[in-house]
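For reference, final.cif (mmCIF, C-alpha atoms):
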data_input
loop_
_atom_site.label_atom_id
_atom_site.label_comp_id
_atom_site.auth_asym_id
_atom_site.auth_seq_id
_atom_site.Cartn_x
_atom_site.Cartn_y
_atom_site.Cartn_z
CA MET H 28 -209.06 -127.70 223.04
CA ALA H 29 -207.11 -129.18 220.16
CA VAL H 30 -206.51 -126.95 217.22
CA THR H 31 -207.14 -128.60 213.86
CA ASP H 32 -205.86 -127.39 210.52
CA SER H 33 -208.58 -126.39 208.12
CA ALA H 34 -208.22 -127.21 204.44
CA PRO H 35 -207.35 -124.19 202.33
CA MET H 36 -210.21 -122.91 200.24
CA SER H 37 -209.80 -123.16 196.49
CA PRO H 38 -209.64 -119.76 194.80
CA SER H 39 -212.58 -118.76 192.63
CA LEU H 40 -212.42 -118.76 188.84
CA GLY H 41 -212.53 -114.97 188.83
CA SER H 42 -209.53 -114.64 191.12
CA VAL H 43 -207.56 -117.19 189.07
CA LEU H 44 -208.39 -115.47 185.78
CA LEU H 45 -207.39 -112.15 187.30
CA ALA H 46 -204.09 -113.67 188.35
CA VAL H 47 -203.39 -115.11 184.88
CA ALA H 48 -204.68 -112.05 182.98
CA PRO H 49 -201.14 -110.69 182.36
CA LEU H 50 -200.15 -114.09 180.96
CA LEU H 51 -203.19 -114.21 178.67
CA PHE H 52 -202.55 -110.63 177.56
CA SER H 53 -198.91 -111.43 176.75
CA ALA H 54 -200.03 -114.54 174.89
CA ALA H 55 -202.60 -112.56 172.88
CA ILE H 56 -200.06 -109.97 171.75
CA MET H 57 -197.51 -112.65 170.89
CA ILE H 58 -200.01 -114.81 168.97
CA MET H 59 -201.21 -111.79 167.02
CA GLY H 60 -197.66 -111.01 165.96
CA ASN H 61 -196.89 -114.62 165.08
CA GLY H 62 -200.17 -115.08 163.16
CA LEU H 63 -199.49 -111.99 161.09
CA PHE H 64 -195.89 -113.11 160.54
CA GLY H 65 -196.81 -116.44 158.93
CA THR H 66 -199.36 -114.94 156.55
CA LEU H 67 -197.08 -112.02 155.68
CA VAL H 68 -194.15 -114.27 154.72
CA ALA H 69 -196.35 -116.32 152.37
CA ILE H 70 -197.83 -113.24 150.70
CA ARG H 71 -194.50 -111.42 150.41
CA MET H 72 -192.80 -114.44 148.81
CA ASP H 73 -195.65 -114.72 146.33
CA LEU H 74 -195.42 -110.99 145.55
CA ASP H 75 -191.69 -111.39 144.93
CA GLY H 76 -192.35 -114.04 142.30
CA ASN H 77 -191.17 -117.15 144.15
CA ASP H 78 -192.65 -120.40 142.89
CA VAL H 79 -195.04 -122.29 145.15
CA GLY H 80 -192.51 -125.06 145.76
CA THR H 81 -189.99 -122.62 147.21
CA ILE H 82 -192.69 -120.96 149.34
CA GLY H 83 -193.72 -124.34 150.75
CA LEU H 84 -190.16 -125.25 151.66
CA VAL H 85 -189.53 -121.94 153.43
CA LEU H 86 -192.78 -122.12 155.39
CA ALA H 87 -192.10 -125.71 156.46
CA CYS H 88 -188.94 -124.58 158.25
CA TYR H 89 -191.06 -122.89 160.93
CA SER H 90 -192.61 -126.21 161.99
CA GLY H 91 -189.20 -127.87 162.17
CA GLY H 92 -187.93 -125.07 164.38
CA PHE H 93 -191.04 -125.21 166.58
CA ALA H 94 -190.61 -128.95 167.17
CA LEU H 95 -186.96 -128.42 168.13
CA GLY H 96 -187.86 -125.49 170.36
CA THR H 97 -190.18 -127.60 172.50
CA LEU H 98 -187.31 -130.04 173.07
CA ILE H 99 -184.62 -127.54 174.08
CA CYS H 100 -186.70 -125.04 176.06
CA PRO H 101 -186.69 -126.90 179.42
CA ARG H 102 -182.89 -127.08 179.39
CA ILE H 103 -182.47 -123.39 178.62
CA VAL H 104 -184.95 -122.37 181.33
CA LEU H 105 -183.10 -124.58 183.81
CA LEU H 106 -179.86 -122.72 183.04
CA VAL H 107 -181.00 -119.06 183.00
CA GLY H 108 -184.59 -118.96 184.33
CA HIS H 109 -188.01 -118.22 182.86
CA ILE H 110 -187.89 -114.42 182.64
CA ARG H 111 -184.47 -114.21 181.01
CA THR H 112 -185.30 -116.99 178.56
CA PHE H 113 -188.58 -115.32 177.58
CA ALA H 114 -186.89 -111.95 177.10
CA ALA H 115 -184.03 -113.40 175.06
CA PHE H 116 -186.22 -115.34 172.64
CA ALA H 117 -188.73 -112.50 172.28
CA VAL H 118 -185.83 -110.34 171.14
CA ILE H 119 -184.61 -113.07 168.77
CA ALA H 120 -188.08 -113.44 167.21
CA SER H 121 -188.39 -109.66 166.84
CA ALA H 122 -184.97 -109.40 165.22
CA ALA H 123 -185.83 -112.26 162.86
CA ALA H 124 -188.93 -110.37 161.71
CA LEU H 125 -186.91 -107.25 160.95
CA PHE H 126 -184.19 -109.25 159.24
CA HIS H 127 -186.76 -110.56 156.73
CA ALA H 128 -187.17 -107.04 155.40
CA LEU H 129 -183.42 -106.35 155.29
CA TRP H 130 -182.35 -109.46 153.39
CA VAL H 131 -184.93 -110.82 150.95
CA ASP H 132 -183.64 -114.23 149.92
CA PRO H 133 -185.42 -117.62 150.13
CA VAL H 134 -182.45 -119.39 151.72
CA VAL H 135 -182.03 -116.67 154.34
CA TRP H 136 -185.77 -116.62 154.97
CA ALA H 137 -185.81 -120.41 155.43
CA ALA H 138 -183.16 -120.06 158.15
CA LEU H 139 -185.07 -117.18 159.72
CA ARG H 140 -188.32 -119.16 159.76
CA PHE H 141 -186.50 -122.01 161.49
CA VAL H 142 -185.12 -119.61 164.12
CA THR H 143 -188.58 -118.05 164.50
CA GLY H 144 -190.10 -121.50 165.07
CA ILE H 145 -187.61 -122.25 167.84
CA SER H 146 -188.22 -118.85 169.44
CA MET H 147 -192.01 -119.09 169.38
CA ALA H 148 -191.93 -122.62 170.83
CA VAL H 149 -189.86 -121.34 173.74
CA LEU H 150 -192.19 -118.35 174.32
CA PHE H 151 -195.32 -120.54 174.21
CA THR H 152 -193.75 -123.11 176.55
CA ILE H 153 -192.90 -120.50 179.16
CA ILE H 154 -196.32 -118.83 179.10
CA GLU H 155 -198.09 -122.19 179.33
CA SER H 156 -195.90 -123.31 182.23
CA TRP H 157 -196.91 -120.11 184.06
CA LEU H 158 -200.58 -120.81 183.37
CA ASN H 159 -200.14 -124.34 184.70
CA ALA H 160 -198.61 -123.06 187.90
CA LYS H 161 -201.40 -120.53 188.52
CA ALA H 162 -204.39 -122.75 187.60
CA VAL H 163 -205.49 -124.94 190.51
CA ASN H 164 -207.26 -128.22 189.80
CA ALA H 165 -210.78 -126.89 190.31
CA VAL H 166 -210.51 -124.34 187.48
CA ARG H 167 -207.89 -125.81 185.14
CA GLY H 168 -210.44 -126.69 182.47
CA ARG H 169 -211.87 -123.17 182.39
CA VAL H 170 -208.41 -121.60 182.33
CA MET H 171 -207.59 -123.84 179.38
CA SER H 172 -210.81 -122.77 177.63
CA SER H 173 -209.90 -119.12 178.20
CA TYR H 174 -206.43 -119.71 176.79
CA MET H 175 -207.83 -121.46 173.70
CA ALA H 176 -210.27 -118.58 173.16
CA VAL H 177 -207.33 -116.16 173.33
CA ASN H 178 -205.47 -118.31 170.78
CA TYR H 179 -208.26 -118.29 168.21
CA THR H 180 -209.23 -114.65 168.75
CA ALA H 181 -205.69 -113.29 168.56
CA PHE H 182 -204.85 -115.43 165.52
CA GLY H 183 -207.99 -114.26 163.72
CA LEU H 184 -207.44 -110.61 164.61
CA SER H 185 -203.87 -110.74 163.31
CA GLN H 186 -205.09 -110.93 159.73
CA PRO H 187 -206.69 -107.44 159.40
CA TRP H 188 -203.22 -105.92 159.81
CA LEU H 189 -202.75 -106.87 156.15
CA THR H 190 -205.33 -104.24 155.20
CA VAL H 191 -203.63 -101.43 157.13
CA MET H 192 -200.21 -101.49 155.49
CA ASP H 193 -198.71 -102.68 152.22
CA PRO H 194 -197.41 -106.30 152.53
CA ALA H 195 -194.66 -105.41 150.05
CA SER H 196 -193.21 -102.76 152.36
CA PHE H 197 -191.01 -102.87 155.46
CA ALA H 198 -193.87 -101.69 157.69
CA LEU H 199 -195.65 -104.97 158.46
CA PHE H 200 -192.42 -106.70 159.44
CA SER H 201 -191.92 -103.84 161.88
CA VAL H 202 -195.43 -104.41 163.25
CA VAL H 203 -194.60 -108.09 163.83
CA ALA H 204 -191.41 -107.13 165.67
CA MET H 205 -193.26 -104.59 167.80
CA LEU H 206 -196.03 -107.02 168.75
CA VAL H 207 -193.63 -109.78 169.77
CA SER H 208 -191.54 -107.29 171.75
CA LEU H 209 -194.63 -105.81 173.44
CA SER H 210 -195.61 -109.28 174.70
CA LEU H 211 -192.82 -108.78 177.24
CA VAL H 212 -194.52 -105.79 178.84
CA PRO H 213 -197.44 -107.42 180.76
CA LEU H 214 -195.11 -110.02 182.24
CA SER H 215 -192.41 -107.52 183.10
CA LEU H 216 -194.75 -105.08 184.88
CA THR H 217 -196.78 -107.65 186.83
CA PRO H 218 -195.59 -109.58 189.89
CA VAL H 219 -196.10 -113.12 188.59
CA GLU H 220 -194.43 -115.92 190.56
CA THR H 221 -191.90 -117.96 188.65
CA PRO H 222 -193.34 -121.43 187.93
CA PRO H 223 -191.58 -124.68 188.82
CA VAL H 224 -188.93 -126.18 186.56
CA ILE H 225 -190.40 -127.27 183.22
CA LYS H 226 -190.42 -131.04 182.89
CA VAL H 227 -191.70 -132.59 179.68
CA LYS H 228 -191.81 -136.35 179.25
CA ARG H 229 -192.68 -137.98 175.94
CA PHE H 230 -193.81 -141.43 174.96
CA GLY H 231 -191.96 -143.18 172.20
CA LEU H 232 -193.78 -143.52 168.88
CA ARG H 233 -194.24 -147.27 169.33
CA THR H 234 -195.90 -146.76 172.70
CA LEU H 235 -198.25 -144.11 171.29
CA ILE H 236 -199.19 -146.27 168.31
CA ALA H 237 -199.85 -149.22 170.60
CA ILE H 238 -202.16 -147.10 172.77
CA SER H 239 -204.00 -145.22 170.00
CA PRO H 240 -203.09 -145.71 166.33
CA LEU H 241 -205.97 -143.43 165.30
CA GLY H 242 -204.83 -140.68 167.66
CA VAL H 243 -201.35 -140.78 166.11
CA GLY H 244 -202.74 -140.91 162.56
CA GLY H 245 -205.15 -138.05 163.24
CA CYS H 246 -202.47 -135.76 164.70
CA PHE H 247 -200.08 -136.48 161.83
CA SER H 248 -202.84 -135.94 159.26
CA VAL H 249 -204.01 -132.64 160.71
CA GLY H 250 -200.40 -131.45 160.56
CA LEU H 251 -200.43 -132.25 156.84
CA ILE H 252 -203.72 -130.38 156.40
CA SER H 253 -203.60 -127.40 158.78
CA ALA H 254 -200.00 -126.38 158.13
CA ALA H 255 -200.61 -126.64 154.39
CA PHE H 256 -203.61 -124.33 154.64
CA SER H 257 -201.99 -121.86 157.06
CA GLY H 258 -198.94 -121.57 154.85
CA MET H 259 -200.34 -121.83 151.33
CA GLY H 260 -203.85 -120.47 151.99
CA PRO H 261 -202.78 -116.84 151.52
CA VAL H 262 -201.07 -117.79 148.25
CA TYR H 263 -204.27 -119.48 147.05
CA ALA H 264 -206.35 -116.47 148.11
CA ARG H 265 -204.17 -114.11 146.06
CA THR H 266 -205.01 -116.06 142.89
CA ILE H 267 -208.69 -115.24 143.45
CA ASP H 268 -208.24 -111.60 144.45
CA PRO H 269 -204.84 -110.02 145.26
CA SER H 270 -206.30 -107.32 147.53
CA PRO H 271 -205.17 -107.49 151.20
CA ASN H 272 -208.81 -107.05 152.33
CA TRP H 273 -209.80 -110.26 150.58
CA ILE H 274 -206.81 -112.24 151.86
CA ALA H 275 -207.50 -111.13 155.44
CA ALA H 276 -211.20 -112.02 155.09
CA PHE H 277 -210.28 -115.39 153.57
CA MET H 278 -208.03 -116.38 156.48
CA MET H 279 -210.32 -114.96 159.18
CA THR H 280 -213.29 -116.93 157.84
CA ALA H 281 -211.47 -120.23 158.27
CA ILE H 282 -209.97 -119.35 161.67
CA PHE H 283 -213.13 -118.12 163.38
CA SER H 284 -215.23 -120.92 161.88
CA GLY H 285 -212.82 -123.39 163.46
CA PHE H 286 -213.41 -121.76 166.83
CA LEU H 287 -217.21 -121.78 166.50
CA LEU H 288 -217.45 -125.48 165.64
CA GLN H 289 -215.40 -126.70 168.62
CA TYR H 290 -218.33 -126.83 171.05
CA PRO H 291 -220.91 -128.71 168.93
CA VAL H 292 -218.35 -131.24 167.70
CA GLY H 293 -217.12 -131.73 171.25
CA LYS H 294 -220.65 -132.39 172.51
CA LEU H 295 -221.26 -134.94 169.75
CA SER H 296 -217.98 -136.73 170.45
CA ASP H 297 -218.84 -136.98 174.16
CA ARG H 298 -222.27 -138.51 173.45
CA PHE H 299 -221.39 -141.00 170.71
CA ASP H 300 -218.54 -143.27 169.69
CA ARG H 301 -215.81 -140.69 169.12
CA ARG H 302 -214.57 -142.61 166.09
CA GLN H 303 -217.92 -142.18 164.35
CA VAL H 304 -217.69 -138.42 164.82
CA PHE H 305 -214.07 -138.57 163.67
CA LEU H 306 -215.13 -140.48 160.55
CA GLY H 307 -217.93 -138.04 159.78
CA ILE H 308 -215.61 -135.04 160.15
CA SER H 309 -212.98 -136.64 157.89
CA ILE H 310 -215.48 -137.52 155.15
CA ALA H 311 -217.09 -134.08 155.33
CA LEU H 312 -213.67 -132.40 155.13
CA ALA H 313 -212.75 -134.47 152.08
CA LEU H 314 -216.00 -133.48 150.35
CA VAL H 315 -215.68 -129.79 151.25
CA SER H 316 -212.06 -129.79 150.02
CA ALA H 317 -213.22 -131.35 146.76
CA GLY H 318 -215.88 -128.65 146.47
CA LEU H 319 -213.29 -125.91 146.99
CA ALA H 320 -210.93 -127.49 144.47
CA LEU H 321 -213.63 -127.87 141.79
CA PHE H 322 -215.98 -124.94 142.37
CA GLY H 323 -214.18 -122.49 144.67
CA GLY H 324 -213.34 -120.08 141.89
CA LEU H 325 -216.87 -119.83 140.50
CA SER H 326 -218.41 -117.63 143.20
CA MET H 327 -217.06 -115.63 146.13
CA THR H 328 -220.15 -116.46 148.18
CA LEU H 329 -219.85 -120.18 147.51
CA MET H 330 -216.14 -120.06 148.31
CA LEU H 331 -216.68 -118.36 151.68
CA VAL H 332 -219.41 -120.84 152.63
CA LEU H 333 -217.19 -123.79 151.74
CA LEU H 334 -214.21 -122.13 153.40
CA ALA H 335 -216.15 -121.66 156.64
CA MET H 336 -217.02 -125.36 156.55
CA PHE H 337 -213.40 -126.24 155.80
CA GLY H 338 -212.09 -124.21 158.74
CA GLY H 339 -214.73 -125.52 161.11
CA LEU H 340 -214.03 -129.14 160.20
CA SER H 341 -210.24 -129.05 159.93
CA TYR H 342 -209.67 -127.27 163.25
CA THR H 343 -211.60 -129.95 165.16
CA ILE H 344 -209.49 -132.92 164.04
CA TYR H 345 -206.58 -132.26 166.41
CA PRO H 346 -208.65 -132.03 169.63
CA LEU H 347 -210.67 -135.05 168.46
CA SER H 348 -207.46 -137.01 167.94
CA LEU H 349 -206.12 -136.00 171.32
CA SER H 350 -209.42 -136.74 173.09
CA HIS H 351 -209.70 -140.15 171.43
CA ALA H 352 -206.14 -141.08 172.43
CA ASN H 353 -206.75 -139.86 175.99
CA ASP H 354 -209.73 -142.21 176.31
CA PHE H 355 -207.25 -145.09 176.45
CA MET H 356 -204.79 -143.51 178.87
CA GLN H 357 -204.35 -143.28 182.59
CA PRO H 358 -204.34 -139.72 184.05
CA GLU H 359 -200.58 -139.80 184.61
CA GLN H 360 -200.06 -140.64 180.92
CA LEU H 361 -201.96 -137.65 179.51
CA VAL H 362 -199.15 -135.09 179.58
CA PRO H 363 -196.38 -137.29 178.07
CA ALA H 364 -198.86 -138.60 175.50
CA ALA H 365 -199.86 -135.05 174.51
CA ALA H 366 -196.18 -134.23 174.04
CA GLY H 367 -195.71 -137.22 171.76
CA LEU H 368 -198.87 -136.50 169.78
CA LEU H 369 -197.85 -132.87 169.33
CA LEU H 370 -194.55 -134.11 167.90
CA CYS H 371 -196.54 -136.27 165.45
CA TYR H 372 -198.45 -133.14 164.44
CA GLY H 373 -195.15 -131.29 164.07
CA VAL H 374 -193.76 -133.88 161.68
CA GLY H 375 -196.91 -133.62 159.59
CA ALA H 376 -196.69 -129.81 159.71
CA ILE H 377 -193.19 -129.96 158.22
CA PHE H 378 -194.34 -131.97 155.21
CA GLY H 379 -197.76 -130.33 154.80
CA PRO H 380 -196.69 -127.06 153.12
CA ILE H 381 -194.03 -128.85 151.05
CA MET H 382 -196.44 -131.44 149.64
CA ALA H 383 -199.28 -128.96 149.15
CA SER H 384 -196.98 -126.62 147.22
CA ARG H 385 -195.88 -129.50 144.99
CA VAL H 386 -199.48 -130.41 144.19
CA MET H 387 -200.25 -126.74 143.54
CA GLY H 388 -197.33 -126.67 141.14
CA LEU H 389 -198.87 -129.58 139.22
CA LEU H 390 -202.58 -128.71 139.38
CA GLY H 391 -202.57 -124.95 139.94
CA PRO H 392 -203.95 -123.12 143.00
CA ALA H 393 -206.79 -125.65 143.42
CA GLY H 394 -204.11 -128.21 144.22
CA LEU H 395 -204.09 -126.91 147.80
CA PHE H 396 -207.56 -128.32 148.42
CA ALA H 397 -206.88 -131.38 146.28
CA TRP H 398 -204.11 -132.09 148.78
CA THR H 399 -206.20 -131.49 151.91
CA GLY H 400 -209.05 -133.54 150.44
CA THR H 401 -206.75 -136.47 149.69
CA VAL H 402 -205.30 -136.47 153.20
CA ALA H 403 -208.80 -136.24 154.72
CA ALA H 404 -210.04 -139.14 152.54
CA LEU H 405 -207.09 -141.31 153.57
CA LEU H 406 -207.76 -140.44 157.22
CA ALA H 407 -211.40 -141.49 156.78
CA LEU H 408 -210.29 -144.84 155.31
CA PHE H 409 -207.87 -145.38 158.18
CA THR H 410 -210.63 -144.54 160.67
CA MET H 411 -212.94 -147.14 159.10
CA TYR H 412 -210.14 -149.70 159.31
CA ARG H 413 -209.51 -148.93 162.98
CA MET H 414 -213.21 -149.31 163.74
CA THR H 415 -212.90 -152.94 162.66
CA ARG H 416 -209.90 -153.57 164.90
CA ARG H 417 -211.10 -152.37 168.30
CA VAL H 418 -214.38 -152.38 170.17
CA ALA H 419 -215.80 -148.90 170.79
CA LYS H 420 -215.12 -147.34 174.17
CA PRO H 421 -218.36 -147.13 176.20
CA ASN H 422 -219.63 -143.54 176.36
CA GLU H 423 -219.52 -143.49 180.15
CA GLU H 424 -215.80 -144.38 180.01
CA GLN H 425 -214.91 -141.68 177.49
CA GLY H 426 -213.25 -138.55 178.79
CA SER H 427 -214.59 -135.10 178.04
CA PHE H 428 -213.66 -133.33 174.82
CA VAL H 429 -211.19 -130.53 175.52
CA THR H 430 -210.60 -127.79 172.98
CA VAL H 431 -206.92 -127.43 172.16
CA VAL H 432 -204.95 -126.04 169.24
CA PRO H 433 -201.76 -127.66 167.91
CA THR H 434 -199.89 -124.35 168.13
CA THR H 435 -199.62 -124.92 171.88
CA THR H 436 -196.73 -126.85 173.43
CA PRO H 437 -196.68 -130.07 175.50
CA VAL H 438 -196.79 -127.98 178.70
CA ALA H 439 -200.37 -126.89 177.86
CA ALA H 440 -201.51 -130.48 178.39
CA GLY H 441 -201.12 -129.86 182.11
CA LEU H 442 -204.20 -127.60 181.89
CA ASP H 443 -206.34 -130.57 180.85
CA PRO H 444 -208.62 -131.15 183.86
CA ARG H 445 -208.17 -134.90 183.46
CA ALA H 446 -204.40 -134.68 184.02
CA PRO H 447 -202.98 -135.18 187.51
CA GLY H 448 -202.92 -131.99 189.57
CA THR H 449 -199.74 -129.96 189.73
CA ALA H 450 -198.67 -128.74 193.13
CA PRO H 451 -198.42 -124.97 193.40
CA PRO H 452 -194.90 -123.52 193.31
CA THR H 453 -193.14 -123.37 196.65
CA VAL H 454 -191.01 -120.53 197.94
CA ARG H 455 -187.95 -122.39 196.72
CA ASP H 456 -189.50 -122.79 193.26
CA ALA H 457 -190.24 -119.08 193.13
CA ALA H 458 -186.82 -117.99 194.30
#
Written as structure tokens, how would this file's structure read?
Amino acid sequence: MAVTDSAPMSPSLGSVLLAVAPLLFSAAIMIMGNGLFGTLVAIRMDLDGNDVGTIGLVLACYSGGFALGTLICPRIVLLVGHIRTFAAFAVIASAAALFHALWVDPVVWAALRFVTGISMAVLFTIIESWLNAKAVNAVRGRVMSSYMAVNYTAFGLSQPWLTVMDPASFALFSVVAMLVSLSLVPLSLTPVETPPVIKVKRFGLRTLIAISPLGVGGCFSVGLISAAFSGMGPVYARTIDPSPNWIAAFMMTAIFSGFLLQYPVGKLSDRFDRRQVFLGISIALALVSAGLALFGGLSMTLMLVLLAMFGGLSYTIYPLSLSHANDFMQPEQLVPAAAGLLLCYGVGAIFGPIMASRVMGLLGPAGLFAWTGTVAALLALFTMYRMTRRVAKPNEEQGSFVTVVPTTTPVAAGLDPRAPGTAPPTVRDAA
């Protein structure tokens, strides 16, 4: 009797999540440290009397470093391996956090934020490449959803640290250093196979614009908006109430609202012309920003309601942009396109804090939301223009909305269930 080979059974979601649990735990600790770090730098610079323009410039350096880090990481990993690279850059990020407290100077802090951006990009890239290697095709979408949930939750839970210790002291910088260092522990104590060599291809800007001008415009615009809010939001909050409890509540409201609105917006964008949803979100964000700029200081309750709407709306623009662009791509184009679109976001994220701080210098704290409202209004106008230039994609030909945050790296695009499957690492890959 002939012996036939039976096809290997796909592992269950539970077994895959169990296998990637150390990676998700490392990511959660790292994201918590990084989320606290960004808010802490903004608050500390404001406490030290720096003008908003200087704060914006320093905070923008992180985005420049992050963009560079995604470019150089594959080469470094190829030279020294995943584990050593992760350990080295975790130490660098931890040392950078401590150095902030030792040398308080805007120029030094700008350099440190740039170095931190590079380091965090490398750490994210390595964790996401591990997740890609462990997630088989059948469960990639759910692994990605779990990773996005970890992102939002850890980022939101990083803010209450501000209420535990004085932002003006050395202590919180030590907490950041400890959290980033502790992200090494789950990976170091768990037998996780080394993933294949990281390969990131990118489309040129002309190619991306030719495929999806609105996708490019949306990613660039959300960089201008989200990075401005993440960086200058704590500074704005301090003008309302300088207490750490209020600042933490302010940031958490926007972050968790962004997480909660992902599902309903995604369902709408899958059922209707995605550009119509995109247009509605942009107009609503412009109106909410105007409300915050004009009436945010009148009532705490009104501010929190508007802020929840702001966070919910603004955090959906990036996945909408990515999903819309993907509707016009072949499966093999999704990963290089995501890398290019993330770079568009990164460029916007460099200019976002700088421009928002300039407007705040002219108009006062409300200038933050005057800036986000202006960008959202321009995005709405561009969306209307694009709707006159291309016929809508039939709903049955649209891909599914996939929740993703722009703080991930191009490697995370491999978790998109629409992307081509990645072969599991071989013995040679793992050696």
Output as JSON lines one row per residue of stretch 268-358 of chain H within 12 Å of stretch 183-207 of chain H: the closest atom pair and its distance in Å to one decimal place, counting all atoms listed in the file, sorted by chain and residue number ascending.
{"residue": "H:Pro269", "atom": "CA", "partner": "H:Pro194", "partner_atom": "CA", "distance": 11.0}
{"residue": "H:Ser270", "atom": "CA", "partner": "H:Thr190", "partner_atom": "CA", "distance": 8.3}
{"residue": "H:Pro271", "atom": "CA", "partner": "H:Thr190", "partner_atom": "CA", "distance": 5.2}
{"residue": "H:Asn272", "atom": "CA", "partner": "H:Thr190", "partner_atom": "CA", "distance": 5.3}
{"residue": "H:Trp273", "atom": "CA", "partner": "H:Thr190", "partner_atom": "CA", "distance": 8.8}
{"residue": "H:Ile274", "atom": "CA", "partner": "H:Leu189", "partner_atom": "CA", "distance": 8.0}
{"residue": "H:Ala275", "atom": "CA", "partner": "H:Gln186", "partner_atom": "CA", "distance": 4.9}
{"residue": "H:Ala276", "atom": "CA", "partner": "H:Pro187", "partner_atom": "CA", "distance": 7.7}
{"residue": "H:Phe277", "atom": "CA", "partner": "H:Gln186", "partner_atom": "CA", "distance": 9.2}
{"residue": "H:Met278", "atom": "CA", "partner": "H:Gln186", "partner_atom": "CA", "distance": 7.0}
{"residue": "H:Met279", "atom": "CA", "partner": "H:Gly183", "partner_atom": "CA", "distance": 5.2}
{"residue": "H:Thr280", "atom": "CA", "partner": "H:Gly183", "partner_atom": "CA", "distance": 8.4}
{"residue": "H:Ala281", "atom": "CA", "partner": "H:Gly183", "partner_atom": "CA", "distance": 8.8}
{"residue": "H:Ile282", "atom": "CA", "partner": "H:Gly183", "partner_atom": "CA", "distance": 5.8}
{"residue": "H:Phe283", "atom": "CA", "partner": "H:Gly183", "partner_atom": "CA", "distance": 6.4}
{"residue": "H:Ser284", "atom": "CA", "partner": "H:Gly183", "partner_atom": "CA", "distance": 10.0}
{"residue": "H:Gly285", "atom": "CA", "partner": "H:Gly183", "partner_atom": "CA", "distance": 10.3}
{"residue": "H:Phe286", "atom": "CA", "partner": "H:Gly183", "partner_atom": "CA", "distance": 9.8}
{"residue": "H:Gly338", "atom": "CA", "partner": "H:Gly183", "partner_atom": "CA", "distance": 11.9}
So what do you get for atom CA of H:Leu95 versus atom CA of H:Ala117, distance-wise?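 Between atom CA of H:Leu95 and atom CA of H:Ala117 the gap works out to 16.5 Å.
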Residue IDs satisfying the PyMOL selection byres ((chain H and resi 392) around 9), as number ranges by chain: H: 262-264, 266, 320, 384, 386-388, 390-391, 393-396
Which residues, named as in the file, does the PyMOL selection byres ((chain H and resi 252) around 9) pick out? Answer as a list in words. Phe247, Ser248, Val249, Gly250, Leu251, Ser253, Ala254, Ala255, Phe256, Ser257, Ser341, Gly375, Ala376, Gly379, Pro380, Ala383, Trp398, Thr399, Gly400, Val402 and Ala403 of chain H
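The result of the PyMOL selection byres ((chain H and resi 337) around 9) on the shown file is Ala281, Ser284, Gly285, Ala311, Leu312, Val315, Ser316, Leu319, Val332, Leu333, Leu334, Ala335, Met336, Gly338, Gly339, Leu340, Ser341 and Tyr342 of chain H.
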Distance in Å - atom CA of H:Tyr372 versus atom CA of H:Ser53: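 Value for the atom CA of H:Tyr372-atom CA of H:Ser53 distance: 25.0 Å.
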Dump as a ChimeraX atom specification all residues having an atom at most 10 Å from (-196.6, -107.9, 183.9), computed in the file's coordinates with only C-alpha atoms. /H:47-50,52-53,210-219
Measuring between only C-alpha atoms, which one of H:Val243, H:Val292, H:Leu406, H:Ile110 shows the shortest distance to H:Ser348?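 For H:Ser348, the nearest of the given residues is H:Val243.
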Rounded to one decimal place, report the atom CA of H:Met59-atom CA of H:Ala181 distance in Å. 5.0 Å
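Take the candidates H:Ala128, H:Cys246, H:Leu74, H:Ala148 and check each one against H:Thr434 using all atoms listed in the file; the shortest distance goes to H:Ala148.
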